[in-house]
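All remarks here apply to the structure that follows.
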Amino acid sequence: MKKLLLLGDEAIAQGAMDAGLSGIYAYPGTPSTEITEFVQHSKQAKELKIHCTWSANEKTAVESALGLSYTGKRAMACMKHVGLNVAADPFINSAFTGVNGGCIIVSADDPSMHSSQNEQDSRFYGKFSLVPVLEPANQQEAYDMAFYGFDLSEKYKLPVLMRITTRMAHSRAGVQQCEVRKQNNLKLPDDLVQFVLLPAIARKKYKKLLEVQPLLEEESEDSPFNFYKDGSDKKLGIITCGIAYNYLMENIQNTNINYPVLKIGQYPLSKKILEKIYNECEEILIIEEGMPLVEEMLKGYLAKGKKIKGRLDGTLPRDGELTPNLVAVALGLTDTKGKDVPQVVVQRPPSFCTGCSHSDTYIALKEALIGYNKYAVFSDIGCYTLGALPPYNAINSCVDMGASITMAKGAADGGLHPSLATIGDSTFSHSGITGLLDACNDKSHVTIFILDNLTTAMTGGQNTPGFGKIEEICKAVGVEPEHIRVIKPLKNQHEINVKIIKEEIEYKGVSVIIPRRECIQTLTKKNKEKSKNK
């Protein structure tokens, strides 16, 4: 079979297609976006008629994957780590319902918060929901785990969580391709009430879920992704998880270090898998990307007085992304960090693209608010969040997807006027619509800007689920048609836009202003394509 050069994200996508995938659902979010994009652009996916769409949000993505699994086919849902929070309800409940066809949920964590609002470790979701977790150490494992994950999912009729991190998602390596499997035939579940979580059924399902845990631990003990590599020097035993194994190998492959190593790529872990290295070695070092999940487990399971080092005792930093250098320092090897980054680089902030429509919107909004002593502009997740930075300093919040409208409503409930929200067209489709419904039901005195640049710009220009429907959605939710105002965010429209914004701020109810102009990046790309095709 062929050997391919793939990103970690691409390896997961190719592995899933080769393993008999029938459908993939996702909401774009760095560092997971390229998984779905790879399938979208794949000739193989088109020939095999693999369903591939962007979902309105991560919750709908997991629910769609669960529905496809219901038919006996293999399904995948992909998201970044904070997206799993949005999808937590169907994800955790899917452990109770179980699945029919194999179902893999991919969550891409972002340690060090390169493009995220928090740092969290999705392995805890797997532990919390009692489902198996796979964590690849390299691109080949990312590919192979798609096959293994679907098989494991169908063997135990449970969803499988695949957790990756930024460096794994966005680094490239050679991957040996396997023979392509056929997609599953349509086959409805044997248990016809399996997916009905009425309390009486759910209680039984929970007992079954607990009963299967020892079997899942045995699977981990025999997993090809968990292995013990013995060493002659028992002063230290090293436990590594996911990509941390690579960082360790980079450091010790050309040294005389010969410590025993336990490499982990599958959870739940059993006590048995940890005992061997713990009992044989004088001290234990745990190297894991993210939070100290294994370190806490080890201290709980085997607290017999031996020193256990990792992120909790400061041997490795408690937060942030691991690097080979951090691992080297933890091993007592040479610190190769190098010189500090020059200040001129460190202090270079992100900014709007030249020609971005959002900058003209914020300039008009700031001018319209002159004269008000107290006000707040609640914002959301997307390019327009950059309005928080100088010279705009135009927004006061960025908490989670969809929070802008509901936070503005809450502030208005407390008597704040003006209370405004800015949200992008994609984020509005993701989770802003329900907040607007709440505001309309309470006739809250809020002014909402839906900044429509006709794409999901921040993650590279994916389709927006609400494309071309924003005004109709607002009307359907309950916004008065005369208070849905579409403006053109351009400098030559500035005076008109300021006037409209002032009028809507003074309206005693819910008003929506839609600044609409295409993202400068997607427009530029289209123009280049046109030039090529001339």
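The chains in the structure tokens are called A, B, ... from first to last as shown; in each chain the residues are counted from 1, and the ligands are counted from 1 in the order shown.
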Stretch 149-202 of chain A: residues DSSP assigns to strand (DSSP E or B), reported as an NGL selection string
:A and (160-165 or 172-176)
Selection above as a file: N, CA, C and O atoms, as a CSV table (one decimal), in the first residue's frame:
```csv
chain,number,residue,atom,x,y,z
A,160,VAL,N,-16.2,6.0,20.9
A,160,VAL,CA,-14.8,6.1,21.3
A,160,VAL,C,-14.4,7.6,21.1
A,160,VAL,O,-14.6,8.2,20.1
A,161,LEU,N,-13.7,8.1,22.2
A,161,LEU,CA,-13.2,9.5,22.1
A,161,LEU,C,-11.7,9.4,21.6
A,161,LEU,O,-10.9,8.7,22.2
A,162,MET,N,-11.4,10.1,20.6
A,162,MET,CA,-10.0,10.2,20.1
A,162,MET,C,-9.5,11.6,20.5
A,162,MET,O,-10.1,12.6,20.0
A,163,ARG,N,-8.5,11.7,21.3
A,163,ARG,CA,-8.0,13.0,21.8
A,163,ARG,C,-6.6,13.3,21.1
A,163,ARG,O,-5.7,12.4,21.2
A,164,ILE,N,-6.5,14.4,20.5
A,164,ILE,CA,-5.2,14.8,20.0
A,164,ILE,C,-4.9,16.2,20.5
A,164,ILE,O,-5.8,16.9,21.1
A,165,THR,N,-3.7,16.7,20.3
A,165,THR,CA,-3.3,18.0,20.7
A,165,THR,C,-2.8,18.8,19.5
A,165,THR,O,-2.5,18.2,18.4
A,172,ARG,N,3.5,17.0,10.4
A,172,ARG,CA,3.3,16.1,9.2
A,172,ARG,C,4.4,15.0,9.3
A,172,ARG,O,5.5,15.2,9.7
A,173,ALA,N,3.9,13.8,8.9
A,173,ALA,CA,4.9,12.6,8.9
A,173,ALA,C,4.3,11.6,8.0
A,173,ALA,O,3.2,11.6,7.5
A,174,GLY,N,5.2,10.6,7.6
A,174,GLY,CA,4.8,9.5,6.7
A,174,GLY,C,3.9,8.6,7.4
A,174,GLY,O,4.0,8.2,8.6
A,175,VAL,N,2.9,8.1,6.6
A,175,VAL,CA,1.8,7.2,7.1
A,175,VAL,C,1.7,6.1,6.1
A,175,VAL,O,1.4,6.3,4.9
A,176,GLN,N,1.8,4.8,6.6
A,176,GLN,CA,1.6,3.7,5.8
A,176,GLN,C,0.1,3.4,5.7
A,176,GLN,O,-0.5,3.1,6.7
```
Name the residues in contact with A:Tyr375 at a cut-off of 6 Å, using only C-alpha atoms, excluding same-chain residues fewer than 6 positions from it; report them as a ChimeraX atom specification.
/A:417-419
Those same residues, written as an mmCIF file, in the first residue's frame with N, CA, C and O atoms?
```cif
data_model
loop_
_atom_site.group_PDB
_atom_site.id
_atom_site.type_symbol
_atom_site.label_atom_id
_atom_site.label_comp_id
_atom_site.auth_asym_id
_atom_site.auth_seq_id
_atom_site.Cartn_x
_atom_site.Cartn_y
_atom_site.Cartn_z
ATOM 1 N N HIS A 417 -28.052 50.539 30.110
ATOM 2 C CA HIS A 417 -28.399 51.019 28.776
ATOM 3 C C HIS A 417 -27.353 52.047 28.335
ATOM 4 O O HIS A 417 -27.048 52.956 29.105
ATOM 5 N N PRO A 418 -26.800 51.899 27.146
ATOM 6 C CA PRO A 418 -27.027 50.855 26.141
ATOM 7 C C PRO A 418 -26.350 49.542 26.535
ATOM 8 O O PRO A 418 -25.274 49.537 27.114
ATOM 9 N N SER A 419 -27.012 48.456 26.177
ATOM 10 C CA SER A 419 -26.438 47.113 26.319
ATOM 11 C C SER A 419 -26.415 46.499 24.923
ATOM 12 O O SER A 419 -27.465 46.295 24.313
#
```
Proximity to A:Leu198 - best of A:Lys502, A:Thr97, A:Tyr392, A:Lys73, only C-alpha atoms:
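Nearest to A:Leu198: A:Thr97.
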Do a neighbour search on A:Leu293 at 9 Å with only C-alpha atoms, toss out local chain neighbours closer than 4 positions, and write the hits as an NGL selection string.
:A and (121 or 123-124 or 288 or 297-298)
Selected residues, N, CA and C atoms, written as a CSV table (one decimal), in the first residue's frame, please.
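Generated file (result-v4.csv):
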```csv
chain,number,residue,atom,x,y,z
A,121,ASP,N,-8.4,19.4,29.1
A,121,ASP,CA,-7.9,18.1,28.7
A,121,ASP,C,-9.1,17.2,28.4
A,123,ARG,N,-9.3,14.2,27.8
A,123,ARG,CA,-9.3,12.8,28.4
A,123,ARG,C,-10.2,12.7,29.7
A,124,PHE,N,-10.3,13.9,30.4
A,124,PHE,CA,-11.2,13.9,31.5
A,124,PHE,C,-12.7,13.6,31.1
A,288,GLU,N,2.9,14.0,30.4
A,288,GLU,CA,1.6,13.9,29.7
A,288,GLU,C,1.3,15.3,29.2
A,297,MET,N,-4.1,9.8,38.9
A,297,MET,CA,-4.5,8.4,39.1
A,297,MET,C,-3.4,7.5,39.8
A,298,LEU,N,-2.2,7.8,39.4
A,298,LEU,CA,-1.1,7.0,40.0
A,298,LEU,C,-1.0,7.3,41.5
```
For A:Ser426, list every protein, DNA or RNA residue within 12 Å, evaluated using only C-alpha atoms, and leave out those in the same chain fewer than 4 positions away; present the list as a PyMOL selection string.
chain A and resi 27-29+54-57+380-384+401-402+430-433+450-459+461-470
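Put simply, atom CA of A:Gln120 is 16.3 Å away from atom CA of A:Ile287.
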Residue contacts of stretch 337-350 of chain A (10 Å, only C-alpha atoms) excluding same-chain residues fewer than 6 positions away, as an NGL selection string:
:A and (323-326 or 328-329 or 386 or 389-390)
Can you write out the residues you just picked, keeping all heavy atoms, as a short mmCIF file (atom, residue, chain, number, x, y, z; two decimals), in the first residue's frame?
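Below is the file result34.cif, written as the result:
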```cif
data_model
loop_
_atom_site.label_atom_id
_atom_site.label_comp_id
_atom_site.auth_asym_id
_atom_site.auth_seq_id
_atom_site.Cartn_x
_atom_site.Cartn_y
_atom_site.Cartn_z
N THR A 323 7.17 20.69 25.42
CA THR A 323 8.15 20.76 24.32
C THR A 323 9.25 19.75 24.61
O THR A 323 9.45 19.34 25.77
CB THR A 323 8.78 22.16 24.23
OG1 THR A 323 9.54 22.38 25.43
CG2 THR A 323 7.74 23.25 24.08
N PRO A 324 9.99 19.37 23.58
CA PRO A 324 11.13 18.47 23.84
C PRO A 324 12.09 19.06 24.86
O PRO A 324 12.68 18.32 25.66
CB PRO A 324 11.78 18.34 22.45
CG PRO A 324 10.65 18.54 21.49
CD PRO A 324 9.78 19.59 22.14
N ASN A 325 12.26 20.38 24.85
CA ASN A 325 13.19 20.99 25.80
C ASN A 325 12.70 20.87 27.24
O ASN A 325 13.49 20.61 28.15
CB ASN A 325 13.40 22.46 25.45
CG ASN A 325 14.42 23.10 26.36
OD1 ASN A 325 15.56 22.67 26.42
ND2 ASN A 325 13.99 24.09 27.13
N LEU A 326 11.39 21.06 27.45
CA LEU A 326 10.85 20.92 28.81
C LEU A 326 11.07 19.48 29.32
O LEU A 326 11.37 19.26 30.49
CB LEU A 326 9.36 21.27 28.82
CG LEU A 326 9.02 22.76 28.67
CD1 LEU A 326 7.52 22.94 28.49
CD2 LEU A 326 9.52 23.56 29.86
N ALA A 328 13.50 17.54 28.32
CA ALA A 328 14.94 17.42 28.58
C ALA A 328 15.30 17.93 29.97
O ALA A 328 16.04 17.29 30.72
CB ALA A 328 15.73 18.19 27.51
N VAL A 329 14.75 19.07 30.32
CA VAL A 329 15.03 19.65 31.64
C VAL A 329 14.51 18.72 32.74
O VAL A 329 15.17 18.51 33.76
CB VAL A 329 14.38 21.05 31.75
CG1 VAL A 329 14.49 21.59 33.17
CG2 VAL A 329 15.04 22.01 30.75
N LEU A 386 -11.06 40.70 17.96
CA LEU A 386 -9.89 41.59 17.89
C LEU A 386 -10.28 43.04 18.12
O LEU A 386 -9.42 43.89 18.32
CB LEU A 386 -9.18 41.42 16.55
CG LEU A 386 -8.59 40.02 16.29
CD1 LEU A 386 -8.10 39.90 14.85
CD2 LEU A 386 -7.47 39.73 17.27
N LEU A 389 -8.77 44.98 21.09
CA LEU A 389 -7.41 45.52 21.11
C LEU A 389 -7.36 46.96 20.62
O LEU A 389 -8.26 47.42 19.91
CB LEU A 389 -6.52 44.64 20.21
CG LEU A 389 -6.47 43.15 20.58
CD1 LEU A 389 -5.70 42.36 19.52
CD2 LEU A 389 -5.84 42.95 21.94
N PRO A 390 -6.30 47.69 21.00
CA PRO A 390 -6.12 49.03 20.45
C PRO A 390 -5.97 48.96 18.94
O PRO A 390 -5.44 47.98 18.43
CB PRO A 390 -4.82 49.50 21.12
CG PRO A 390 -4.61 48.60 22.28
CD PRO A 390 -5.25 47.29 21.92
#
```
Can you tell me, as a PDB file with N, CA and C atoms, in the first residue's frame, what residues are no more than 12 Å from A:Val294 when counting only C-alpha atoms, ignoring any on the same chain fewer than 5 positions away?
```pdb
ATOM      1  N   ASP A 121      -8.381  19.421  29.093  1.00  0.00           N
ATOM      2  CA  ASP A 121      -7.887  18.115  28.666  1.00  0.00           C
ATOM      3  C   ASP A 121      -9.075  17.193  28.441  1.00  0.00           C
ATOM      4  N   ARG A 123      -9.314  14.174  27.843  1.00  0.00           N
ATOM      5  CA  ARG A 123      -9.268  12.834  28.433  1.00  0.00           C
ATOM      6  C   ARG A 123     -10.172  12.742  29.658  1.00  0.00           C
ATOM      7  N   PHE A 124     -10.342  13.886  30.356  1.00  0.00           N
ATOM      8  CA  PHE A 124     -11.230  13.883  31.520  1.00  0.00           C
ATOM      9  C   PHE A 124     -12.672  13.616  31.113  1.00  0.00           C
ATOM     10  N   LYS A 127     -12.955   9.908  30.846  1.00  0.00           N
ATOM     11  CA  LYS A 127     -13.012   9.310  32.195  1.00  0.00           C
ATOM     12  C   LYS A 127     -14.372   9.561  32.830  1.00  0.00           C
ATOM     13  N   ILE A 238       9.591   5.984  33.538  1.00  0.00           N
ATOM     14  CA  ILE A 238       8.939   7.109  32.850  1.00  0.00           C
ATOM     15  C   ILE A 238       7.626   6.643  32.223  1.00  0.00           C
ATOM     16  N   ILE A 239       6.568   7.364  32.512  1.00  0.00           N
ATOM     17  CA  ILE A 239       5.266   7.106  31.886  1.00  0.00           C
ATOM     18  C   ILE A 239       4.978   8.268  30.940  1.00  0.00           C
ATOM     19  N   THR A 240       4.699   7.945  29.686  1.00  0.00           N
ATOM     20  CA  THR A 240       4.400   9.009  28.718  1.00  0.00           C
ATOM     21  C   THR A 240       3.032   8.776  28.096  1.00  0.00           C
ATOM     22  N   CYS A 241       2.364   9.861  27.715  1.00  0.00           N
ATOM     23  CA  CYS A 241       1.036   9.788  27.112  1.00  0.00           C
ATOM     24  C   CYS A 241       1.039  10.545  25.789  1.00  0.00           C
ATOM     25  N   GLY A 242       0.478   9.933  24.761  1.00  0.00           N
ATOM     26  CA  GLY A 242       0.329  10.611  23.474  1.00  0.00           C
ATOM     27  C   GLY A 242       1.650  11.098  22.920  1.00  0.00           C
ATOM     28  N   LEU A 262       6.839   3.357  30.106  1.00  0.00           N
ATOM     29  CA  LEU A 262       5.477   2.907  29.816  1.00  0.00           C
ATOM     30  C   LEU A 262       4.850   3.936  28.890  1.00  0.00           C
ATOM     31  N   LYS A 263       4.504   3.508  27.685  1.00  0.00           N
ATOM     32  CA  LYS A 263       3.896   4.409  26.708  1.00  0.00           C
ATOM     33  C   LYS A 263       2.377   4.154  26.707  1.00  0.00           C
ATOM     34  N   ILE A 264       1.593   5.226  26.839  1.00  0.00           N
ATOM     35  CA  ILE A 264       0.138   5.090  26.934  1.00  0.00           C
ATOM     36  C   ILE A 264      -0.533   5.789  25.756  1.00  0.00           C
ATOM     37  N   GLY A 265      -1.458   5.057  25.114  1.00  0.00           N
ATOM     38  CA  GLY A 265      -2.244   5.640  24.026  1.00  0.00           C
ATOM     39  C   GLY A 265      -3.703   5.245  24.094  1.00  0.00           C
ATOM     40  N   GLN A 266      -4.044   4.422  25.114  1.00  0.00           N
ATOM     41  CA  GLN A 266      -5.438   3.998  25.243  1.00  0.00           C
ATOM     42  C   GLN A 266      -5.855   4.002  26.712  1.00  0.00           C
ATOM     43  N   TYR A 267      -7.054   4.477  26.962  1.00  0.00           N
ATOM     44  CA  TYR A 267      -7.639   4.544  28.299  1.00  0.00           C
ATOM     45  C   TYR A 267      -9.020   3.873  28.224  1.00  0.00           C
ATOM     46  N   PRO A 268      -9.623   3.416  29.350  1.00  0.00           N
ATOM     47  CA  PRO A 268      -9.194   3.644  30.726  1.00  0.00           C
ATOM     48  C   PRO A 268      -7.996   2.778  31.100  1.00  0.00           C
ATOM     49  N   LEU A 269      -7.157   3.322  31.960  1.00  0.00           N
ATOM     50  CA  LEU A 269      -6.019   2.589  32.464  1.00  0.00           C
ATOM     51  C   LEU A 269      -6.443   1.746  33.649  1.00  0.00           C
ATOM     52  N   SER A 270      -5.854   0.576  33.745  1.00  0.00           N
ATOM     53  CA  SER A 270      -6.111  -0.242  34.921  1.00  0.00           C
ATOM     54  C   SER A 270      -4.910  -0.116  35.857  1.00  0.00           C
ATOM     55  N   LYS A 271      -5.129  -0.539  37.074  1.00  0.00           N
ATOM     56  CA  LYS A 271      -4.048  -0.522  38.068  1.00  0.00           C
ATOM     57  C   LYS A 271      -2.901  -1.422  37.600  1.00  0.00           C
ATOM     58  N   ILE A 273      -1.707  -2.054  34.668  1.00  0.00           N
ATOM     59  CA  ILE A 273      -0.801  -1.511  33.658  1.00  0.00           C
ATOM     60  C   ILE A 273       0.217  -0.548  34.285  1.00  0.00           C
ATOM     61  N   LEU A 274      -0.150   0.017  35.424  1.00  0.00           N
ATOM     62  CA  LEU A 274       0.739   0.963  36.091  1.00  0.00           C
ATOM     63  C   LEU A 274       1.658   0.290  37.111  1.00  0.00           C
ATOM     64  N   ILE A 284       9.136   7.723  39.803  1.00  0.00           N
ATOM     65  CA  ILE A 284       8.354   7.730  38.560  1.00  0.00           C
ATOM     66  C   ILE A 284       8.241   9.168  38.049  1.00  0.00           C
ATOM     67  N   LEU A 285       8.484   9.337  36.746  1.00  0.00           N
ATOM     68  CA  LEU A 285       8.247  10.624  36.081  1.00  0.00           C
ATOM     69  C   LEU A 285       7.117  10.429  35.075  1.00  0.00           C
ATOM     70  N   ILE A 286       6.105  11.279  35.163  1.00  0.00           N
ATOM     71  CA  ILE A 286       4.971  11.179  34.226  1.00  0.00           C
ATOM     72  C   ILE A 286       5.004  12.381  33.298  1.00  0.00           C
ATOM     73  N   ILE A 287       5.052  12.083  31.997  1.00  0.00           N
ATOM     74  CA  ILE A 287       5.093  13.140  30.985  1.00  0.00           C
ATOM     75  C   ILE A 287       3.804  13.043  30.182  1.00  0.00           C
ATOM     76  N   GLU A 288       2.895  13.972  30.396  1.00  0.00           N
ATOM     77  CA  GLU A 288       1.622  13.938  29.682  1.00  0.00           C
ATOM     78  C   GLU A 288       1.257  15.330  29.199  1.00  0.00           C
ATOM     79  N   GLU A 289       0.762  15.383  27.968  1.00  0.00           N
ATOM     80  CA  GLU A 289       0.349  16.649  27.370  1.00  0.00           C
ATOM     81  C   GLU A 289      -1.030  17.016  27.908  1.00  0.00           C
ATOM     82  N   LYS A 299      -1.098   8.526  41.829  1.00  0.00           N
ATOM     83  CA  LYS A 299      -0.988   8.884  43.247  1.00  0.00           C
ATOM     84  C   LYS A 299      -2.149   8.317  44.045  1.00  0.00           C
ATOM     85  N   GLY A 300      -3.283   8.199  43.392  1.00  0.00           N
ATOM     86  CA  GLY A 300      -4.447   7.613  44.079  1.00  0.00           C
ATOM     87  C   GLY A 300      -4.349   6.105  44.173  1.00  0.00           C
ATOM     88  N   TYR A 301      -3.926   5.465  43.074  1.00  0.00           N
ATOM     89  CA  TYR A 301      -3.850   3.995  43.023  1.00  0.00           C
ATOM     90  C   TYR A 301      -2.714   3.446  43.873  1.00  0.00           C
ATOM     91  N   LEU A 302      -1.540   4.084  43.755  1.00  0.00           N
ATOM     92  CA  LEU A 302      -0.312   3.462  44.257  1.00  0.00           C
ATOM     93  C   LEU A 302       0.465   4.391  45.186  1.00  0.00           C
ATOM     94  N   ILE A 308       6.673  10.520  42.967  1.00  0.00           N
ATOM     95  CA  ILE A 308       6.034  10.590  41.652  1.00  0.00           C
ATOM     96  C   ILE A 308       6.155  12.018  41.149  1.00  0.00           C
ATOM     97  N   LYS A 309       6.849  12.172  40.027  1.00  0.00           N
ATOM     98  CA  LYS A 309       7.132  13.515  39.511  1.00  0.00           C
ATOM     99  C   LYS A 309       6.330  13.773  38.236  1.00  0.00           C
ATOM    100  N   GLY A 310       6.009  15.028  38.009  1.00  0.00           N
ATOM    101  CA  GLY A 310       5.259  15.395  36.809  1.00  0.00           C
ATOM    102  C   GLY A 310       4.833  16.842  36.869  1.00  0.00           C
ATOM    103  N   ARG A 311       3.609  17.085  36.474  1.00  0.00           N
ATOM    104  CA  ARG A 311       3.122  18.467  36.446  1.00  0.00           C
ATOM    105  C   ARG A 311       2.676  18.961  37.827  1.00  0.00           C
ATOM    106  N   LEU A 312       2.365  18.042  38.729  1.00  0.00           N
ATOM    107  CA  LEU A 312       1.863  18.475  40.032  1.00  0.00           C
ATOM    108  C   LEU A 312       2.981  18.929  40.967  1.00  0.00           C
TER     109      LEU A 312
END
```
Hey, could you make a per-residue contact list for stretch 29-148 of chain A against stretch 245-248 of chain A with 10 Å as the cut-off, showing the nearest pair of atoms and its distance in Å to one decimal, counting only C-alpha atoms, sorted by chain and number, as CSV?
```
residue,atom,partner,partner_atom,distance
A:Pro136,CA,A:Tyr245,CA,9.7
A:Ala137,CA,A:Tyr245,CA,6.3
A:Asn138,CA,A:Asn246,CA,7.5
```
Got a sec to tell me which of stretch 69-221 of chain A DSSP assigns to helix (DSSP H, G or I), as a PyMOL selection string?
chain A and resi 69-70+81-86+88-97+123-129+139-156+166-170+199-211+213-221
In Å, rounded to a single decimal, give me how far atom CA of A:Thr36 is from atom CA of A:Gly126.
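Computed distance, atom CA of A:Gly126 to atom CA of A:Thr36, equals 22.0 Å.
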For stretch 15-26 of chain A, list every protein, DNA or RNA residue within 8 Å, evaluated using only C-alpha atoms, and leave out those in the same chain fewer than 2 positions away; present the list as a count of residues only.
44
Counting only C-alpha atoms, which residue out of A:Phe449, A:Gln139, A:Ser351, A:Ala87 sits closest to A:Leu4?
A:Gln139
